[in-house]
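Colleague: Next up, work_13.csv (CSV, C-alpha atoms).
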```csv
chain,number,residue,atom,x,y,z
A,1,MET,CA,-5.8,-5.4,-12.2
A,2,ILE,CA,-4.6,-8.1,-9.8
A,3,LYS,CA,-7.1,-10.6,-8.4
A,4,SER,CA,-5.5,-11.6,-5.1
A,5,TYR,CA,-2.9,-10.6,-2.5
A,6,GLU,CA,-0.5,-13.2,-3.9
A,7,GLU,CA,0.0,-11.0,-6.9
A,8,LEU,CA,1.2,-7.9,-5.1
A,9,ASN,CA,4.7,-6.9,-6.1
A,10,ASP,CA,7.5,-5.7,-3.8
A,11,THR,CA,6.7,-2.0,-4.2
A,12,GLN,CA,3.1,-2.5,-3.3
A,13,ILE,CA,4.0,-4.6,-0.3
A,14,ASP,CA,6.4,-1.8,0.8
A,15,VAL,CA,3.5,0.6,0.7
A,16,LEU,CA,1.4,-1.7,2.9
A,17,ARG,CA,4.4,-2.0,5.2
A,18,GLU,CA,4.7,1.7,5.4
A,19,ILE,CA,1.0,2.0,6.3
A,20,GLY,CA,1.7,-0.5,9.0
A,21,ASN,CA,4.6,1.5,10.3
A,22,ILE,CA,2.7,4.7,10.5
A,23,GLY,CA,-0.2,2.8,12.1
A,24,ALA,CA,2.1,1.3,14.7
A,25,GLY,CA,3.5,4.7,15.5
A,26,ASN,CA,0.0,6.1,16.1
A,27,ALA,CA,-0.9,3.1,18.1
A,28,ALA,CA,2.1,3.4,20.4
A,29,THR,CA,1.2,7.0,21.2
A,30,ALA,CA,-2.4,6.0,21.9
A,31,LEU,CA,-1.2,3.2,24.2
A,32,ALA,CA,1.2,5.4,26.0
A,33,VAL,CA,-1.6,7.8,26.9
A,34,MET,CA,-3.8,4.9,28.0
A,35,LEU,CA,-1.2,3.1,30.1
A,36,ASP,CA,0.4,6.3,31.4
A,37,ASP,CA,3.8,5.0,30.5
A,38,THR,CA,6.3,5.9,27.8
A,39,VAL,CA,5.8,3.2,25.2
A,40,GLU,CA,8.4,2.5,22.6
A,41,ILE,CA,7.6,0.3,19.6
A,42,THR,CA,10.0,-2.0,18.0
A,43,LEU,CA,10.0,-1.7,14.2
A,44,PRO,CA,6.8,-3.6,13.3
A,45,SER,CA,7.2,-6.5,11.0
A,46,VAL,CA,4.6,-6.3,8.2
A,47,LYS,CA,4.3,-9.4,6.1
A,48,ILE,CA,1.9,-10.8,3.5
A,49,VAL,CA,1.7,-14.4,4.6
A,50,SER,CA,-0.5,-17.4,4.1
A,51,PHE,CA,-3.2,-18.1,6.6
A,52,ASP,CA,-1.3,-21.0,8.1
A,53,GLU,CA,1.9,-18.9,8.5
A,54,ALA,CA,-0.1,-16.2,10.3
A,55,VAL,CA,-1.6,-18.8,12.6
A,56,SER,CA,1.8,-20.3,13.4
A,57,GLY,CA,3.0,-16.7,14.1
A,58,LEU,CA,0.5,-16.6,16.9
A,59,GLY,CA,1.7,-19.9,18.4
A,60,GLY,CA,-0.6,-22.4,16.6
A,61,PRO,CA,-4.2,-22.8,15.7
A,62,GLU,CA,-5.4,-23.9,19.2
A,63,ILE,CA,-3.7,-21.2,21.3
A,64,MET,CA,-6.1,-19.4,23.5
A,65,THR,CA,-6.3,-15.9,22.1
A,66,VAL,CA,-8.2,-12.7,22.6
A,67,GLY,CA,-9.4,-11.2,19.3
A,68,VAL,CA,-10.9,-7.7,18.8
A,69,LEU,CA,-12.5,-7.3,15.4
A,70,VAL,CA,-13.3,-4.0,13.7
A,71,ASN,CA,-15.0,-3.8,10.4
A,72,PHE,CA,-14.3,-0.8,8.1
A,73,SER,CA,-16.3,0.6,5.3
A,74,GLY,CA,-16.8,3.8,3.2
A,75,GLY,CA,-13.8,5.0,1.2
A,76,ALA,CA,-12.0,1.8,2.1
A,77,SER,CA,-13.5,-1.5,3.2
A,78,GLY,CA,-12.1,-4.5,5.0
A,79,MET,CA,-11.5,-5.9,8.5
A,80,ILE,CA,-8.8,-5.5,11.0
A,81,MET,CA,-8.3,-7.8,13.9
A,82,PHE,CA,-6.1,-7.2,17.0
A,83,LEU,CA,-4.9,-10.4,18.6
A,84,LEU,CA,-3.3,-10.8,21.9
A,85,ASP,CA,-2.4,-14.0,23.7
A,86,MET,CA,-4.1,-14.7,27.0
A,87,GLU,CA,-1.1,-14.0,29.2
A,88,ASP,CA,-0.4,-10.6,27.6
A,89,ALA,CA,-4.1,-9.8,27.8
A,90,LYS,CA,-4.0,-10.4,31.6
A,91,GLY,CA,-0.8,-8.5,31.9
A,92,ILE,CA,-2.0,-5.4,30.2
A,93,THR,CA,-5.3,-5.3,32.0
A,94,ASN,CA,-3.7,-5.8,35.3
A,95,ILE,CA,-1.9,-2.5,34.7
A,96,LEU,CA,-5.2,-0.7,34.0
A,97,ILE,CA,-7.5,-2.4,36.5
A,98,GLN,CA,-6.6,-3.9,39.9
A,99,ASP,CA,-9.6,-6.1,40.7
A,100,ASP,CA,-7.9,-9.6,40.8
A,101,ASP,CA,-11.1,-11.0,39.5
A,102,ASP,CA,-9.6,-13.3,36.9
A,103,ARG,CA,-9.4,-16.7,38.5
A,104,ASP,CA,-9.6,-18.5,35.1
A,105,GLY,CA,-10.6,-15.9,32.6
A,106,LEU,CA,-10.8,-12.1,32.3
A,107,SER,CA,-13.4,-10.1,34.2
A,108,GLU,CA,-16.1,-8.1,32.3
A,109,LEU,CA,-14.3,-4.9,33.1
A,110,LYS,CA,-11.0,-6.2,31.8
A,111,LEU,CA,-12.7,-7.5,28.6
A,112,SER,CA,-14.0,-4.0,28.0
A,113,ALA,CA,-10.5,-2.6,28.5
A,114,ILE,CA,-9.1,-5.0,26.0
A,115,LYS,CA,-11.8,-4.2,23.6
A,116,GLU,CA,-11.0,-0.5,23.9
A,117,ILE,CA,-7.3,-1.1,23.4
A,118,GLY,CA,-8.1,-3.2,20.3
A,119,ASN,CA,-10.3,-0.4,19.1
A,120,ILE,CA,-7.6,2.2,19.6
A,121,LEU,CA,-5.1,0.1,17.7
A,122,ALA,CA,-7.4,-0.7,14.9
A,123,SER,CA,-8.4,3.0,14.6
A,124,SER,CA,-4.7,3.9,14.5
A,125,TYR,CA,-4.1,1.8,11.5
A,126,ILE,CA,-7.2,2.9,9.7
A,127,ASN,CA,-6.3,6.5,10.4
A,128,SER,CA,-2.9,6.0,8.9
A,129,ILE,CA,-4.7,4.8,5.7
A,130,SER,CA,-6.9,7.8,5.8
A,131,MET,CA,-4.0,10.2,6.3
A,132,LEU,CA,-2.0,8.7,3.5
A,133,THR,CA,-4.8,8.5,1.0
A,134,GLY,CA,-7.3,11.2,2.0
A,135,LEU,CA,-10.0,8.5,1.9
A,136,SER,CA,-12.8,8.8,4.4
A,137,ILE,CA,-13.3,5.5,6.3
A,138,ASP,CA,-16.0,4.5,8.8
A,139,LEU,CA,-15.3,2.0,11.6
A,140,SER,CA,-17.7,-0.4,13.2
A,141,ILE,CA,-17.8,-0.9,17.0
A,142,PRO,CA,-15.2,-3.4,18.2
A,143,TYR,CA,-16.3,-7.0,18.7
A,144,ILE,CA,-14.4,-9.2,21.1
A,145,ALA,CA,-14.0,-13.0,21.4
A,146,ILE,CA,-11.7,-15.3,23.3
A,147,ASP,CA,-11.1,-18.6,21.6
A,148,MET,CA,-8.7,-20.6,19.5
A,149,ALA,CA,-6.4,-18.4,17.3
A,150,GLY,CA,-7.3,-20.3,14.2
A,151,ALA,CA,-11.0,-20.0,14.7
A,152,LEU,CA,-10.8,-16.3,15.3
A,153,MET,CA,-8.6,-15.6,12.4
A,154,SER,CA,-10.7,-17.5,10.0
A,155,VAL,CA,-13.5,-14.9,10.4
A,156,PRO,CA,-11.9,-12.2,8.2
A,157,LEU,CA,-10.4,-14.8,6.0
A,158,ILE,CA,-13.9,-16.1,5.3
A,159,GLU,CA,-15.3,-12.7,4.8
A,160,PHE,CA,-12.7,-11.9,2.2
A,161,GLY,CA,-12.2,-15.4,1.1
A,162,THR,CA,-12.3,-14.5,-2.6
A,163,LEU,CA,-9.0,-12.7,-2.3
A,164,GLY,CA,-6.9,-15.8,-1.9
A,165,ASP,CA,-5.5,-17.2,1.3
A,166,LYS,CA,-3.0,-14.5,2.1
A,167,VAL,CA,-3.3,-12.0,4.9
A,168,MET,CA,-1.5,-8.9,6.0
A,169,PHE,CA,0.1,-9.8,9.3
A,170,ILE,CA,1.7,-7.2,11.5
A,171,GLU,CA,3.7,-8.1,14.5
A,172,GLU,CA,5.0,-5.6,16.9
A,173,SER,CA,6.2,-5.2,20.4
A,174,PHE,CA,5.3,-2.3,22.6
A,175,LEU,CA,8.0,-1.7,25.2
A,176,GLY,CA,7.0,0.4,28.1
A,177,GLU,CA,9.1,1.4,31.1
A,178,PHE,CA,7.4,-1.3,33.1
A,179,HIS,CA,5.6,-3.3,30.5
A,180,HIS,CA,6.3,-5.4,27.5
A,181,LEU,CA,3.5,-6.3,25.2
A,182,ARG,CA,3.6,-8.3,22.0
A,183,SER,CA,0.6,-7.8,19.7
A,184,ASN,CA,-0.4,-9.0,16.3
A,185,ILE,CA,-2.7,-7.4,13.9
A,186,ILE,CA,-4.2,-9.0,10.8
A,187,MET,CA,-5.8,-6.9,8.2
A,188,PHE,CA,-7.8,-7.7,5.2
A,189,ALA,CA,-8.8,-5.0,2.7
A,190,GLU,CA,-10.9,-5.4,-0.4
A,191,LEU,CA,-8.9,-5.2,-3.6
A,192,GLU,CA,-10.8,-2.1,-4.5
A,193,THR,CA,-9.5,-0.6,-1.4
A,194,LEU,CA,-5.9,-1.6,-2.1
A,195,LYS,CA,-6.3,-0.2,-5.6
A,196,ALA,CA,-7.6,3.1,-4.2
A,197,ILE,CA,-4.7,3.3,-1.7
A,198,MET,CA,-2.1,2.6,-4.5
A,199,GLU,CA,-3.7,5.0,-6.9
A,200,ARG,CA,-3.8,7.8,-4.3
A,201,LEU,CA,-0.1,7.2,-3.8
A,202,GLY,CA,0.6,7.2,-7.5
A,203,LEU,CA,1.1,3.5,-8.0
A,204,GLU,CA,-0.7,1.2,-10.3
A,205,LEU,CA,-2.4,-2.0,-9.0
B,1,MET,CA,-2.7,-43.9,18.2
B,2,SER,CA,-0.7,-43.1,15.1
B,3,GLU,CA,0.3,-39.6,14.3
B,4,ALA,CA,-2.8,-37.7,13.1
B,5,ILE,CA,-2.9,-36.5,9.5
B,6,ILE,CA,-3.6,-32.8,9.5
B,7,VAL,CA,-6.3,-31.3,7.3
B,8,GLY,CA,-5.8,-27.6,6.7
B,9,ILE,CA,-8.4,-24.9,6.0
B,10,SER,CA,-9.9,-25.3,2.6
B,11,ASP,CA,-8.5,-28.8,2.4
B,12,TYR,CA,-9.6,-32.4,2.6
B,13,LYS,CA,-7.7,-35.7,3.2
B,14,TRP,CA,-8.7,-39.3,3.2
B,15,SER,CA,-7.2,-42.4,4.7
B,16,LYS,CA,-7.9,-45.8,6.2
B,17,SER,CA,-7.9,-47.4,9.7
B,18,PRO,CA,-5.9,-47.1,11.9
B,19,ASP,CA,-5.1,-43.5,10.8
B,20,VAL,CA,-6.6,-40.5,12.5
B,21,LEU,CA,-7.5,-37.3,10.6
B,22,VAL,CA,-7.5,-34.0,12.4
B,23,THR,CA,-8.5,-30.5,11.5
B,24,HIS,CA,-7.8,-27.6,14.0
B,25,ALA,CA,-9.8,-24.7,15.2
B,26,LEU,CA,-12.9,-24.7,13.1
B,27,GLY,CA,-14.7,-21.4,13.7
B,28,SER,CA,-17.5,-20.6,11.2
B,29,CYS,CA,-15.9,-23.3,9.0
B,30,VAL,CA,-17.4,-26.8,8.9
B,31,GLY,CA,-15.6,-30.1,9.2
B,32,ILE,CA,-17.2,-33.0,7.4
B,33,CYS,CA,-16.2,-36.6,8.3
B,34,LEU,CA,-17.3,-39.2,5.8
B,35,TYR,CA,-16.9,-42.9,6.6
B,36,ASP,CA,-17.4,-46.3,5.2
B,37,ARG,CA,-17.6,-48.4,8.3
B,38,VAL,CA,-17.1,-51.8,6.6
B,39,LEU,CA,-13.8,-50.9,4.9
B,40,LYS,CA,-12.9,-48.4,7.6
B,41,ILE,CA,-12.0,-45.8,5.0
B,42,GLY,CA,-12.9,-42.2,5.5
B,43,GLY,CA,-12.2,-38.6,4.7
B,44,LEU,CA,-12.3,-35.2,6.4
B,45,ALA,CA,-13.0,-32.0,4.7
B,46,HIS,CA,-12.6,-28.5,6.2
B,47,ILE,CA,-14.8,-26.1,4.2
B,48,MET,CA,-14.8,-22.3,4.5
B,49,LEU,CA,-17.6,-21.0,2.4
B,50,PRO,CA,-21.1,-22.4,1.5
B,51,ASP,CA,-21.4,-22.0,-2.2
B,52,SER,CA,-18.9,-22.1,-5.1
B,53,THR,CA,-21.4,-20.8,-7.6
B,54,MET,CA,-21.1,-17.3,-6.1
B,55,PHE,CA,-17.7,-17.1,-7.7
B,56,ALA,CA,-18.4,-18.8,-11.0
B,57,SER,CA,-16.4,-16.4,-13.0
B,58,GLN,CA,-13.2,-17.0,-11.2
B,59,GLU,CA,-10.9,-20.0,-10.9
B,60,ILE,CA,-11.8,-21.5,-7.6
B,61,ASN,CA,-10.3,-23.8,-5.1
B,62,ARG,CA,-12.9,-26.5,-5.0
B,63,MET,CA,-11.8,-27.6,-1.5
B,64,LYS,CA,-12.9,-24.2,-0.1
B,65,PHE,CA,-16.6,-24.7,-0.7
B,66,ALA,CA,-19.2,-27.0,0.8
B,67,ASP,CA,-20.9,-27.9,-2.5
B,68,THR,CA,-17.7,-28.8,-4.4
B,69,ALA,CA,-15.6,-30.2,-1.6
B,70,ILE,CA,-18.2,-32.8,-0.5
B,71,VAL,CA,-18.8,-34.0,-4.1
B,72,ASP,CA,-15.0,-34.3,-4.7
B,73,LEU,CA,-14.3,-36.1,-1.4
B,74,ILE,CA,-17.0,-38.6,-2.0
B,75,HIS,CA,-15.5,-39.2,-5.5
B,76,LYS,CA,-12.1,-39.6,-4.0
B,77,LEU,CA,-13.4,-42.2,-1.4
B,78,ARG,CA,-15.2,-44.1,-4.1
B,79,GLU,CA,-12.1,-44.2,-6.3
B,80,ASN,CA,-10.3,-45.8,-3.4
B,81,GLY,CA,-12.9,-48.5,-2.9
B,82,ALA,CA,-15.5,-47.0,-0.6
B,83,ASP,CA,-19.1,-47.9,-1.3
B,84,ALA,CA,-21.1,-44.7,-1.7
B,85,ALA,CA,-24.2,-46.4,-0.4
B,86,ARG,CA,-22.5,-47.1,2.9
B,87,LEU,CA,-21.1,-43.6,3.5
B,88,THR,CA,-22.2,-41.8,6.6
B,89,ALA,CA,-21.4,-38.2,7.7
B,90,LYS,CA,-20.6,-36.5,11.0
B,91,ILE,CA,-20.2,-32.8,10.9
B,92,ALA,CA,-18.9,-30.1,13.3
B,93,GLY,CA,-18.3,-26.3,13.3
B,94,GLY,CA,-20.3,-23.5,11.8
B,95,ALA,CA,-20.1,-21.3,14.9
B,96,GLN,CA,-20.6,-17.6,15.2
B,97,MET,CA,-17.3,-16.5,16.7
B,98,PHE,CA,-18.1,-12.8,17.3
B,99,ALA,CA,-21.4,-11.5,18.7
B,100,VAL,CA,-21.9,-9.0,15.9
B,101,GLN,CA,-24.9,-6.9,15.4
B,102,ALA,CA,-28.0,-8.6,14.0
B,103,GLY,CA,-28.3,-8.5,10.3
B,104,SER,CA,-24.5,-8.5,9.7
B,105,ALA,CA,-23.3,-10.9,7.1
B,106,ILE,CA,-20.3,-11.8,9.2
B,107,GLY,CA,-22.5,-13.5,11.8
B,108,ALA,CA,-24.5,-15.6,9.4
B,109,ILE,CA,-21.7,-17.4,7.6
B,110,GLY,CA,-21.4,-20.3,10.0
B,111,GLU,CA,-25.1,-21.1,9.8
B,112,ARG,CA,-25.0,-20.8,6.0
B,113,ASN,CA,-22.1,-23.1,5.9
B,114,VAL,CA,-23.9,-25.7,7.9
B,115,THR,CA,-27.1,-25.4,5.7
B,116,SER,CA,-25.1,-25.8,2.6
B,117,VAL,CA,-23.2,-28.8,4.0
B,118,ARG,CA,-26.5,-30.5,4.8
B,119,GLU,CA,-27.9,-29.8,1.3
B,120,ALA,CA,-24.7,-31.2,-0.4
B,121,LEU,CA,-24.9,-34.3,1.7
B,122,ARG,CA,-28.6,-34.7,1.1
B,123,SER,CA,-28.2,-34.5,-2.7
B,124,ALA,CA,-25.3,-37.0,-2.4
B,125,ARG,CA,-27.6,-39.3,-0.3
B,126,VAL,CA,-25.2,-39.4,2.6
B,127,PRO,CA,-27.0,-39.4,5.9
B,128,ILE,CA,-25.7,-37.2,8.8
B,129,ILE,CA,-25.5,-39.5,11.8
B,130,ALA,CA,-24.0,-37.0,14.3
B,131,GLU,CA,-23.3,-33.3,14.5
B,132,ASP,CA,-22.0,-30.6,16.8
B,133,THR,CA,-22.6,-27.3,15.1
B,134,GLY,CA,-23.5,-23.7,15.7
B,135,LEU,CA,-23.1,-21.8,19.0
B,136,ASN,CA,-20.1,-19.5,19.5
B,137,TYR,CA,-16.8,-21.4,20.0
B,138,GLY,CA,-14.0,-22.9,18.1
B,139,ARG,CA,-13.7,-26.7,17.6
B,140,THR,CA,-10.9,-29.1,16.8
B,141,VAL,CA,-12.0,-32.3,15.2
B,142,TYR,CA,-10.3,-35.7,15.4
B,143,PHE,CA,-11.7,-38.4,13.1
B,144,ASP,CA,-10.6,-41.9,14.1
B,145,LEU,CA,-10.8,-44.2,11.1
B,146,ASP,CA,-10.6,-47.3,13.2
B,147,THR,CA,-13.8,-46.6,15.1
B,148,GLY,CA,-15.5,-43.9,13.0
B,149,VAL,CA,-15.7,-41.7,16.1
B,150,MET,CA,-15.5,-37.9,15.6
B,151,ARG,CA,-13.9,-36.3,18.7
B,152,VAL,CA,-14.7,-32.6,19.2
B,153,GLN,CA,-12.4,-30.6,21.4
B,154,SER,CA,-12.9,-27.0,22.4
B,155,LEU,CA,-11.2,-24.6,24.9
B,156,ASN,CA,-12.5,-24.9,28.5
B,157,ARG,CA,-15.2,-27.5,27.5
B,158,SER,CA,-15.4,-31.2,27.9
B,159,ILE,CA,-14.5,-33.4,25.0
B,160,LYS,CA,-17.3,-34.8,22.9
B,161,ASP,CA,-17.0,-38.2,21.2
B,162,LEU,CA,-19.7,-38.5,18.6
```
What do you get writing this file as structure tokens?

Modeller:
Amino acid sequence: MIKSYEELNDTQIDVLREIGNIGAGNAATALAVMLDDTVEITLPSVKIVSFDEAVSGLGGPEIMTVGVLVNFSGGASGMIMFLLDMEDAKGITNILIQDDDDRDGLSELKLSAIKEIGNILASSYINSISMLTGLSIDLSIPYIAIDMAGALMSVPLIEFGTLGDKVMFIEESFLGEFHHLRSNIIMFAELETLKAIMERLGLEL
Amino acid sequence: MSEAIIVGISDYKWSKSPDVLVTHALGSCVGICLYDRVLKIGGLAHIMLPDSTMFASQEINRMKFADTAIVDLIHKLRENGADAARLTAKIAGGAQMFAVQAGSAIGAIGERNVTSVREALRSARVPIIAEDTGLNYGRTVYFDLDTGVMRVQSLNRSIKDL
């Protein structure tokens, strides 16, 4: 049995990537409903990268970022975080809510909307794991914070710090008829969870 | 100011005046600045977790934990001439980034990191002379080895020189 993400082989990473693809597909459908727009997704890029690479992927450790964190437990446990840069966060909420009340930040109402989008996306990914494996997984309520990308991303890293310093980093673009949104998702799953996923799919871990 | 030397997460670096050490975006992690003001030599550690003994059965990265990183950094500074009796500490970080439900382990880690850092410094007899810890926001720390000043920067907040 492997001890950390570093030891995953190509086949195992492909499985995670496939879960990412299915999750992204579900997420796009959910977003399209919410935004009342046809949303296409670009092929998501799913990578297992170091923490530093993931932070660079977001634009650096100090970039102001909106993070929505969902904890999952039950048949699979881990954390998933949806990350959006501040401009995209404003852009997407302006579609949903026309209140112009964001002189320097985001209004409460817009924060709730982002939290809900994060929640939908996180659920889409978790559902894809459930569908593929038949595992029953419970989700926490979503938690939101706006701060430096590095400070937000360190939260799941710390929680699953025993698994090495690699994270599953999913980057995708949602292209709507009128909108264009780039989002990032990082996911940490406990090794037991990865093992369960691989086993259900007939692979060894 | 010379180019700052970057200290990553689960990492520490040491240097001498006029260098500046920096570590970015501390969330629940804690940054520990150790300084010998006579020789103007100092180090900055960025720890992630409180206690290495939780993982005794595994090979660990000693720079990740408060207990091991602080001991090792003090050792490193002494090896390079610092007088342990003169070392002082300034610490920052240990925030709770997400307002999670009470009782959740995720929320408590910042506080536990700070507690563990204090304990490790106490047993090494290094006094903490300044700190900016807790609350709910990220912090970047610049440690100026010429002056010993720890500068704490956060988004949408004024800079603190400690």

Colleague: Using only C-alpha atoms, which of B:Asp11, B:Asp146, B:Glu119, B:Asp67 sits nearest Ile41 (chain B)?

Modeller: B:Asp146

Colleague: Give me, as a list in words, all polymer residues having an atom no more than 6 Å from region 124-128 of chain B, counting all atoms listed in the file and skipping those fewer than 6 positions away in the same chain.

Modeller: Leu87, Thr88, Ala89 and Lys90 of chain B

Colleague: Would you write out those residues with C-alpha atoms, as a tab-separated table (two decimals), in the frame of the given file?

Modeller:
```tsv
chain	number	residue	atom	x	y	z
B	87	LEU	CA	-21.10	-43.60	3.50
B	88	THR	CA	-22.20	-41.80	6.60
B	89	ALA	CA	-21.40	-38.20	7.70
B	90	LYS	CA	-20.60	-36.50	11.00
```

Colleague: Hey, which of A:Glu62, A:Met79, A:Met86, A:Pro142 ends up closest to Val141 (chain B)? Count all atoms listed in the file.

Modeller: A:Glu62

Colleague: Determine the nearest neighbour of Asp72 (chain B) from the options B:Gly43, B:Gly31, B:Pro50, B:Gly93, counting only C-alpha atoms.

Modeller: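 With only C-alpha atoms as the atom set, the closest residue is B:Gly43.
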
Colleague: Counting only C-alpha atoms, give me one row per residue of chain A with an atom at most 10 Å from an atom of chain B, showing the shortest contact pair and its distance in Å to one decimal, sorted by chain then residue number, as JSON lines.

Modeller:
```
{"residue": "A:Lys3", "atom": "CA", "partner": "B:Gln58", "partner_atom": "CA", "distance": 9.3}
{"residue": "A:Phe51", "atom": "CA", "partner": "B:Ile9", "partner_atom": "CA", "distance": 8.6}
{"residue": "A:Asp52", "atom": "CA", "partner": "B:Gly8", "partner_atom": "CA", "distance": 8.1}
{"residue": "A:Gly60", "atom": "CA", "partner": "B:His24", "partner_atom": "CA", "distance": 9.3}
{"residue": "A:Pro61", "atom": "CA", "partner": "B:Ala25", "partner_atom": "CA", "distance": 5.9}
{"residue": "A:Glu62", "atom": "CA", "partner": "B:Ala25", "partner_atom": "CA", "distance": 6.0}
{"residue": "A:Ile63", "atom": "CA", "partner": "B:Leu155", "partner_atom": "CA", "distance": 9.0}
{"residue": "A:Met64", "atom": "CA", "partner": "B:Leu155", "partner_atom": "CA", "distance": 7.4}
{"residue": "A:Gly67", "atom": "CA", "partner": "B:Phe98", "partner_atom": "CA", "distance": 9.1}
{"residue": "A:Val68", "atom": "CA", "partner": "B:Phe98", "partner_atom": "CA", "distance": 8.9}
{"residue": "A:Leu69", "atom": "CA", "partner": "B:Phe98", "partner_atom": "CA", "distance": 8.1}
{"residue": "A:Asn71", "atom": "CA", "partner": "B:Ile106", "partner_atom": "CA", "distance": 9.7}
{"residue": "A:Asp104", "atom": "CA", "partner": "B:Asn156", "partner_atom": "CA", "distance": 9.6}
{"residue": "A:Ser140", "atom": "CA", "partner": "B:Val100", "partner_atom": "CA", "distance": 9.9}
{"residue": "A:Ile141", "atom": "CA", "partner": "B:Val100", "partner_atom": "CA", "distance": 9.1}
{"residue": "A:Pro142", "atom": "CA", "partner": "B:Val100", "partner_atom": "CA", "distance": 9.0}
{"residue": "A:Tyr143", "atom": "CA", "partner": "B:Phe98", "partner_atom": "CA", "distance": 6.2}
{"residue": "A:Ile144", "atom": "CA", "partner": "B:Phe98", "partner_atom": "CA", "distance": 6.4}
{"residue": "A:Ala145", "atom": "CA", "partner": "B:Phe98", "partner_atom": "CA", "distance": 5.8}
{"residue": "A:Ile146", "atom": "CA", "partner": "B:Tyr137", "partner_atom": "CA", "distance": 8.6}
{"residue": "A:Asp147", "atom": "CA", "partner": "B:Gly138", "partner_atom": "CA", "distance": 6.3}
{"residue": "A:Met148", "atom": "CA", "partner": "B:Gly138", "partner_atom": "CA", "distance": 5.9}
{"residue": "A:Ala149", "atom": "CA", "partner": "B:Ala25", "partner_atom": "CA", "distance": 7.5}
{"residue": "A:Gly150", "atom": "CA", "partner": "B:Ala25", "partner_atom": "CA", "distance": 5.2}
{"residue": "A:Ala151", "atom": "CA", "partner": "B:Gly27", "partner_atom": "CA", "distance": 4.1}
{"residue": "A:Leu152", "atom": "CA", "partner": "B:Gly27", "partner_atom": "CA", "distance": 6.6}
{"residue": "A:Met153", "atom": "CA", "partner": "B:Gly27", "partner_atom": "CA", "distance": 8.5}
{"residue": "A:Ser154", "atom": "CA", "partner": "B:Gly27", "partner_atom": "CA", "distance": 6.7}
{"residue": "A:Val155", "atom": "CA", "partner": "B:Ser28", "partner_atom": "CA", "distance": 7.0}
{"residue": "A:Pro156", "atom": "CA", "partner": "B:Ile106", "partner_atom": "CA", "distance": 8.5}
{"residue": "A:Leu157", "atom": "CA", "partner": "B:Met48", "partner_atom": "CA", "distance": 8.8}
{"residue": "A:Ile158", "atom": "CA", "partner": "B:Met48", "partner_atom": "CA", "distance": 6.3}
{"residue": "A:Glu159", "atom": "CA", "partner": "B:Ile106", "partner_atom": "CA", "distance": 6.7}
{"residue": "A:Gly161", "atom": "CA", "partner": "B:Leu49", "partner_atom": "CA", "distance": 7.9}
{"residue": "A:Thr162", "atom": "CA", "partner": "B:Phe55", "partner_atom": "CA", "distance": 7.9}
{"residue": "A:Gly164", "atom": "CA", "partner": "B:Asn61", "partner_atom": "CA", "distance": 9.3}
{"residue": "A:Asp165", "atom": "CA", "partner": "B:Ser10", "partner_atom": "CA", "distance": 9.3}
```

Colleague: Please list as a PDB file with C-alpha atoms, in the coordinates of the input every residue within 8 Å of Gly23 (chain A), counting all atoms listed in the file and excluding residues in the same chain fewer than 2 positions away.

Modeller:
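Resulting contents of out-v4.pdb:
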```pdb
ATOM      1  CA  ILE A  19       1.000   2.000   6.300  1.00  0.00           C
ATOM      2  CA  GLY A  20       1.700  -0.500   9.000  1.00  0.00           C
ATOM      3  CA  ASN A  21       4.600   1.500  10.300  1.00  0.00           C
ATOM      4  CA  GLY A  25       3.500   4.700  15.500  1.00  0.00           C
ATOM      5  CA  ASN A  26       0.000   6.100  16.100  1.00  0.00           C
ATOM      6  CA  ALA A  27      -0.900   3.100  18.100  1.00  0.00           C
ATOM      7  CA  LEU A 121      -5.100   0.100  17.700  1.00  0.00           C
ATOM      8  CA  SER A 124      -4.700   3.900  14.500  1.00  0.00           C
ATOM      9  CA  TYR A 125      -4.100   1.800  11.500  1.00  0.00           C
ATOM     10  CA  ILE A 126      -7.200   2.900   9.700  1.00  0.00           C
ATOM     11  CA  ASN A 127      -6.300   6.500  10.400  1.00  0.00           C
ATOM     12  CA  SER A 128      -2.900   6.000   8.900  1.00  0.00           C
TER      13      SER A 128
END
```

Colleague: Find the distance between CA of Ser136 (chain A) and CA of Ser73 (chain A) and write it in Å to one decimal.

Modeller: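 Separation of CA of Ser136 (chain A) and CA of Ser73 (chain A): 9.0 Å.
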
Colleague: Would you work out the distance separating CA of Ala76 (chain A) from CA of Val167 (chain A), expressed in Å to one decimal?

Modeller: 16.6 Å

Colleague: Quick check, in Å to one decimal: how far apart do CA of Ala66 (chain B) and CA of Lys16 (chain B) lie?

Modeller: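 Distance reported for this atom pair: 22.6 Å.
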
Colleague: Please provide as an MDAnalysis selection string all residues within 10 Å of Gln98 (chain A), with the sequence filter that same-chain residues fewer than 4 positions apart are discarded (counting only C-alpha atoms).

Modeller: chainID A and resid 93:94 110

Colleague: Find, counting only C-alpha atoms, the residue in B:Leu162, B:Val117, B:Ile74, B:Leu39 that gets nearest to Gly94 (chain B).

Modeller: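 Looking at the shortest contact to Gly94 (chain B), the residue is B:Val117.
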
Colleague: Which is closest to Ile13 (chain A) among A:Gly57, A:Ala189, A:Lys47, A:Ser123, if we use only C-alpha atoms?

Modeller: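 Closest candidate: A:Lys47.
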
Colleague: Place a sphere of radius 7 Å on (3.7, -6.4, 24.2) in the file coordinates and name every protein, DNA or RNA residue with an atom inside or on its surface, counting all atoms listed in the file; give the answer as number ranges by chain.

Modeller: A: 88, 173-175, 180-183

Colleague: At most 10 Å from (-6.8, -1.0, 0.3), file frame, all atoms listed in the file: which residues, as a PyMOL selection string?

Modeller: chain A and resi 16+75-78+129+133+187-199

Colleague: Nearest to Ile48 (chain A): which of A:Ile185, A:Met131, A:Met81, A:Leu111 is it, counting all atoms listed in the file?

Modeller: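 Using all atoms listed in the file, the shortest distance to Ile48 (chain A) belongs to A:Ile185.
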